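Visitor: Okay, handing you the structure first.
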Amino acid sequence: MILALFHTAFDPSLLLILFILAIIAGWVDAIGGGGGLICIPALLWAGFTPLESLATNKLQASFGSSTAAYNYTRHGLVDVKGQKLAIALTFIGSVCGTLLVQQVDSSLLEKAIPLLLMLFALYFLFSPRISDLDQQQLISPPVFAVTVGFGAGFYDGFFGPGAGTFYTMGYVALLGFGLPKATGNTKLLNFTSNIAALLFFALSGHIVWLVGLVMGVGQMVGSYIGTHMAVRHGTRLIRPVLVTVSLLVSLKLLLA
């Protein structure tokens with residue numbers, strides 16, 4: 001059974017290109033999110049169907065988000081125990097979104113999300129709350145878990161693009177986290193929603209396992225480099241990457 005998952009032969013040069021692109025995507029995703037902007041078009045270019053591309057992207061992205069979450073935790077930027085409720089509700093939200101998207105049309109989100117992401121980009125660019133230091137908390141962690149955790153998790157399972165920005169926005173604007181700390185906790189919830197969606201894609205049989213695992217290794221390399229750079233440079237690096245990714249995701253959705 002396991003061997004059957006890897007029976008298809010792929011051109012080594014194609015795997016190398018996807019591996020390199022995954023490294024770049026892992027770096028981008030670890031700092032500002034949006035690695036799917038690179039990986040999903042690359043998988044489509046490689047000749048995979050849209051469903052195979054989405055499923056395989058969830059596999060390789062799980063490697064990247066887990067690496068980023070682990071590294072941010074090692075540097076003291078993630079309170080795993082304090083995020084237990086948010087993790088649970090993010091997982092449930094992602095499962096609900098993954099199930100619902102198979103039943104309804106998501107075209108409304110395609111029109112609304114770009115505008116939200118543009119507003120978020122402006123917020124990250126100009127808000128005085130964006131810094132390395134924590135600010136005043138506006139809501140309690142349980143309320144955050146119910147609203148942002150479940151809501152952004154649902155969105156990630158239902159639609160996906162820019163989900164990391166929603167998590168980070170919630171941590172900064174509502175919990176008052178400094179941007180490096182918000183980015184670290186975002187990766188933890190990103191990993192949670194990725195895993196929830198991945199379980200369903202695995203059951204559907206649409207994952208291209210060899211390609212996903214090769215790209216997953218690339219994601220780990222990129223995420224490792226990205227997290228260490230983010231920890232070292234803080235808001236000076238994270239803010240421009242986050243703003244750029246938010247605007248690029250918006251443009252991609254508007255032009256799609």
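Identifiers in the structure tokens: chain A, B, ... in order shown; residue index from 1 per chain; ligand index from 1 in order shown.
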Per residue of region 84-194 of chain A within 10 Å of region 230-248 of chain A, record the nearest atom pair and its distance in Å to one decimal, counting only C-alpha atoms, with rows in chain order and ascending residue number, as a tab-separated table.
Guide:
residue	atom	partner	partner_atom	distance
A:Pro114	CA	A:Leu247	CA	8.1
A:Leu115	CA	A:Leu247	CA	9.6
A:Leu116	CA	A:Ser246	CA	9.3
A:Leu117	CA	A:Ser246	CA	5.6
A:Met118	CA	A:Leu247	CA	5.9
A:Leu119	CA	A:Ser246	CA	9.2
A:Phe120	CA	A:Ser246	CA	7.4
A:Ala121	CA	A:Val243	CA	4.7
A:Leu122	CA	A:Val243	CA	7.5
A:Tyr123	CA	A:Val243	CA	8.9
A:Phe124	CA	A:Val243	CA	6.5
A:Leu125	CA	A:Val243	CA	6.6
A:Ile130	CA	A:Thr235	CA	7.6
A:Ser131	CA	A:Thr235	CA	5.9
A:Asp132	CA	A:Thr235	CA	5.8
A:Leu133	CA	A:Thr235	CA	9.5
A:Pro161	CA	A:Ser246	CA	9.4
A:Gly162	CA	A:Ser246	CA	6.7
A:Ala163	CA	A:Ser246	CA	10.0
A:Gly164	CA	A:Leu242	CA	9.4
A:Thr165	CA	A:Ser246	CA	7.1
A:Thr168	CA	A:Leu242	CA	9.4
A:Gly178	CA	A:Thr235	CA	8.4
A:Leu179	CA	A:Thr235	CA	6.0
A:Pro180	CA	A:Gly234	CA	5.6
A:Lys181	CA	A:Val231	CA	9.2
A:Thr183	CA	A:Ile238	CA	8.2
A:Gly184	CA	A:Val231	CA	9.3
Visitor: Write out the residues from the selection above, keeping C-alpha atoms, as a short mmCIF file (atom, residue, chain, number, x, y, z; two decimals), in the first residue's frame.
Guide:
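Final file, out_10.cif:
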data_model
loop_
_atom_site.label_atom_id
_atom_site.label_comp_id
_atom_site.auth_asym_id
_atom_site.auth_seq_id
_atom_site.Cartn_x
_atom_site.Cartn_y
_atom_site.Cartn_z
CA PRO A 114 -9.11 40.85 -1.56
CA LEU A 115 -10.64 44.02 -0.12
CA LEU A 116 -10.16 42.76 3.44
CA LEU A 117 -6.54 41.84 2.76
CA MET A 118 -5.86 45.28 1.30
CA LEU A 119 -7.28 46.88 4.44
CA PHE A 120 -5.14 44.57 6.57
CA ALA A 121 -2.05 45.55 4.54
CA LEU A 122 -2.76 49.22 5.26
CA TYR A 123 -3.23 48.41 8.95
CA PHE A 124 0.10 46.58 9.15
CA LEU A 125 1.79 49.42 7.27
CA ILE A 130 2.64 47.20 14.98
CA SER A 131 5.90 46.76 16.88
CA ASP A 132 8.10 44.19 18.56
CA LEU A 133 6.43 44.92 21.90
CA PRO A 161 -5.56 32.35 0.60
CA GLY A 162 -4.38 34.87 3.19
CA ALA A 163 -5.41 32.78 6.21
CA GLY A 164 -2.13 33.57 7.94
CA THR A 165 -2.89 37.28 7.66
CA THR A 168 -1.77 37.58 12.63
CA GLY A 178 3.99 42.23 19.23
CA LEU A 179 4.44 41.29 15.55
CA PRO A 180 7.16 38.61 16.05
CA LYS A 181 5.07 36.93 18.78
CA THR A 183 3.77 35.63 13.69
CA GLY A 184 5.00 32.75 15.83
#
Visitor: Within region 25-190 of chain A, find each residue whose DSSP state, derived from the backbone, is helix (DSSP H, G or I), and express the selection as a ChimeraX atom specification.
Guide: /A:25-31,36-45,50-74,81-101,107-126,141-158,163-173,179-190
Visitor: The selected residues should be written to file as a compact mmCIF listing (two decimals), in the first residue's frame (atoms: C-alpha atoms).
Guide:
# COMPACT_ATOMS: atom_id res chain seq x y z
CA ALA A 25 7.78 29.53 -0.34
CA GLY A 26 8.82 28.21 3.07
CA TRP A 27 10.89 31.36 3.69
CA VAL A 28 8.02 33.65 2.67
CA ASP A 29 5.43 31.67 4.62
CA ALA A 30 7.51 31.59 7.82
CA ILE A 31 7.77 35.38 7.86
CA GLY A 36 0.76 28.99 -1.45
CA LEU A 37 1.07 31.88 -3.91
CA ILE A 38 4.26 30.22 -5.08
CA CYS A 39 3.53 26.51 -4.62
CA ILE A 40 0.01 26.16 -6.02
CA PRO A 41 0.81 27.88 -9.36
CA ALA A 42 4.01 25.80 -9.52
CA LEU A 43 2.06 22.56 -9.07
CA LEU A 44 -0.48 23.62 -11.69
CA TRP A 45 2.39 24.49 -14.05
CA PRO A 50 -6.38 21.87 -9.32
CA LEU A 51 -7.53 19.37 -6.68
CA GLU A 52 -4.19 17.53 -6.73
CA SER A 53 -2.39 20.87 -6.46
CA LEU A 54 -4.46 21.99 -3.46
CA ALA A 55 -4.10 18.64 -1.71
CA THR A 56 -0.36 18.35 -2.34
CA ASN A 57 0.14 21.95 -1.25
CA LYS A 58 -1.48 21.16 2.11
CA LEU A 59 0.97 18.27 2.58
CA GLN A 60 4.10 20.27 1.86
CA ALA A 61 2.80 23.36 3.71
CA SER A 62 2.31 21.26 6.83
CA PHE A 63 6.05 20.58 6.90
CA GLY A 64 6.80 24.29 6.60
CA SER A 65 4.29 25.50 9.19
CA SER A 66 5.35 22.82 11.70
CA THR A 67 9.01 23.79 11.30
CA ALA A 68 8.20 27.48 11.69
CA ALA A 69 5.99 26.85 14.74
CA TYR A 70 8.70 24.72 16.35
CA ASN A 71 11.44 27.30 15.78
CA TYR A 72 9.33 30.20 17.02
CA THR A 73 8.47 28.13 20.11
CA ARG A 74 12.16 27.46 20.76
CA LYS A 81 -0.18 25.83 26.63
CA GLY A 82 -1.98 29.15 26.42
CA GLN A 83 -3.16 28.36 22.89
CA LYS A 84 -4.79 24.99 23.62
CA LEU A 85 -8.36 26.24 23.18
CA ALA A 86 -7.41 28.21 20.06
CA ILE A 87 -5.73 25.11 18.60
CA ALA A 88 -8.80 22.95 19.26
CA LEU A 89 -11.26 25.46 17.79
CA THR A 90 -8.99 26.17 14.81
CA PHE A 91 -8.92 22.45 14.05
CA ILE A 92 -12.71 22.18 14.33
CA GLY A 93 -13.19 25.30 12.22
CA SER A 94 -10.90 24.00 9.49
CA VAL A 95 -12.74 20.66 9.40
CA CYS A 96 -16.09 22.46 9.11
CA GLY A 97 -14.77 24.68 6.32
CA THR A 98 -13.29 21.73 4.43
CA LEU A 99 -16.61 19.88 4.58
CA LEU A 100 -18.72 22.90 3.65
CA VAL A 101 -16.64 23.99 0.65
CA SER A 107 -17.28 32.80 -5.35
CA LEU A 108 -18.56 35.40 -2.86
CA LEU A 109 -15.39 35.07 -0.82
CA GLU A 110 -13.30 35.54 -3.97
CA LYS A 111 -14.77 39.04 -4.23
CA ALA A 112 -14.73 40.03 -0.56
CA ILE A 113 -11.38 38.69 0.67
CA PRO A 114 -9.11 40.85 -1.56
CA LEU A 115 -10.64 44.02 -0.12
CA LEU A 116 -10.16 42.76 3.44
CA LEU A 117 -6.54 41.84 2.76
CA MET A 118 -5.86 45.28 1.30
CA LEU A 119 -7.28 46.88 4.44
CA PHE A 120 -5.14 44.57 6.57
CA ALA A 121 -2.05 45.55 4.54
CA LEU A 122 -2.76 49.22 5.26
CA TYR A 123 -3.23 48.41 8.95
CA PHE A 124 0.10 46.58 9.15
CA LEU A 125 1.79 49.42 7.27
CA PHE A 126 0.49 52.37 9.30
CA PRO A 141 -7.90 34.47 24.96
CA PRO A 142 -11.10 32.32 25.11
CA VAL A 143 -13.01 34.93 23.07
CA PHE A 144 -10.09 35.03 20.62
CA ALA A 145 -10.20 31.24 20.30
CA VAL A 146 -13.94 31.25 19.54
CA THR A 147 -13.81 34.13 17.06
CA VAL A 148 -10.41 34.23 15.35
CA GLY A 149 -9.37 30.63 16.03
CA PHE A 150 -12.57 29.03 14.79
CA GLY A 151 -13.30 31.73 12.19
CA ALA A 152 -9.87 31.84 10.53
CA GLY A 153 -9.61 28.05 10.78
CA PHE A 154 -12.96 27.75 9.03
CA TYR A 155 -11.78 30.17 6.35
CA ASP A 156 -8.54 28.24 5.84
CA GLY A 157 -10.44 25.01 5.30
CA PHE A 158 -13.12 26.65 3.15
CA ALA A 163 -5.41 32.78 6.21
CA GLY A 164 -2.13 33.57 7.94
CA THR A 165 -2.89 37.28 7.66
CA PHE A 166 -6.22 36.77 9.45
CA TYR A 167 -4.51 34.94 12.33
CA THR A 168 -1.77 37.58 12.63
CA MET A 169 -4.28 40.43 12.42
CA GLY A 170 -6.24 38.89 15.28
CA TYR A 171 -3.20 38.43 17.49
CA VAL A 172 -1.97 41.99 16.90
CA ALA A 173 -5.23 43.96 16.88
CA LEU A 179 4.44 41.29 15.55
CA PRO A 180 7.16 38.61 16.05
CA LYS A 181 5.07 36.93 18.78
CA ALA A 182 1.92 37.20 16.64
CA THR A 183 3.77 35.63 13.69
CA GLY A 184 5.00 32.75 15.83
CA ASN A 185 1.55 31.95 17.20
CA THR A 186 0.08 32.31 13.72
CA LYS A 187 2.33 29.50 12.49
CA LEU A 188 1.00 27.26 15.28
CA LEU A 189 -2.60 27.83 14.20
CA ASN A 190 -1.62 27.63 10.53
Visitor: Suppose you want the space between CA of Leu16 (chain A) and CA of Phe48 (chain A); what is it in Å?
Guide: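 Interatomic distance, CA of Leu16 (chain A) to CA of Phe48 (chain A): 16.1 Å.
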Visitor: Work out how far apart CA of Ser250 (chain A) and CA of Ser193 (chain A) are and give it in Å to one decimal.
Guide: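 So the two atoms, CA of Ser250 (chain A) and CA of Ser193 (chain A), lie 21.0 Å apart.
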Visitor: Just the residues within 10 Å of Leu18 (chain A), please, counting only C-alpha atoms, with nothing from its chain fewer than 2 positions along; format it as a PyMOL selection string.
Guide: chain A and resi 12-16+20-24+38-39+42-43+46+211-212+214-216+218
Visitor: Write the residues you've just listed into a file as a short mmCIF file (atom, residue, chain, number, x, y, z; two decimals), in the first residue's frame, and include C-alpha atoms for each of them.
Guide:
data_model
loop_
_atom_site.label_atom_id
_atom_site.label_comp_id
_atom_site.auth_asym_id
_atom_site.auth_seq_id
_atom_site.Cartn_x
_atom_site.Cartn_y
_atom_site.Cartn_z
CA PRO A 12 14.20 14.66 -11.54
CA SER A 13 14.60 18.16 -12.98
CA LEU A 14 10.91 18.85 -12.29
CA LEU A 15 11.30 17.68 -8.69
CA LEU A 16 14.38 19.88 -8.30
CA ILE A 20 13.73 25.07 -4.92
CA LEU A 21 10.39 26.86 -5.20
CA ALA A 22 9.29 25.21 -1.95
CA ILE A 23 12.37 26.60 -0.20
CA ILE A 24 11.42 30.10 -1.33
CA ILE A 38 4.26 30.22 -5.08
CA CYS A 39 3.53 26.51 -4.62
CA ALA A 42 4.01 25.80 -9.52
CA LEU A 43 2.06 22.56 -9.07
CA ALA A 46 3.84 21.02 -13.41
CA VAL A 211 6.05 15.52 -4.92
CA GLY A 212 4.49 16.69 -1.64
CA VAL A 214 10.05 16.49 -1.73
CA MET A 215 8.52 19.95 -1.53
CA GLY A 216 7.94 19.42 2.19
CA GLY A 218 12.18 22.29 0.78
#
Visitor: If you measure from CA of Asp134 (chain A) to CA of Gly176 (chain A), what distance in Å do you get, rounded to one decimal?
Guide: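 Interatomic distance, CA of Asp134 (chain A) to CA of Gly176 (chain A): 5.5 Å.
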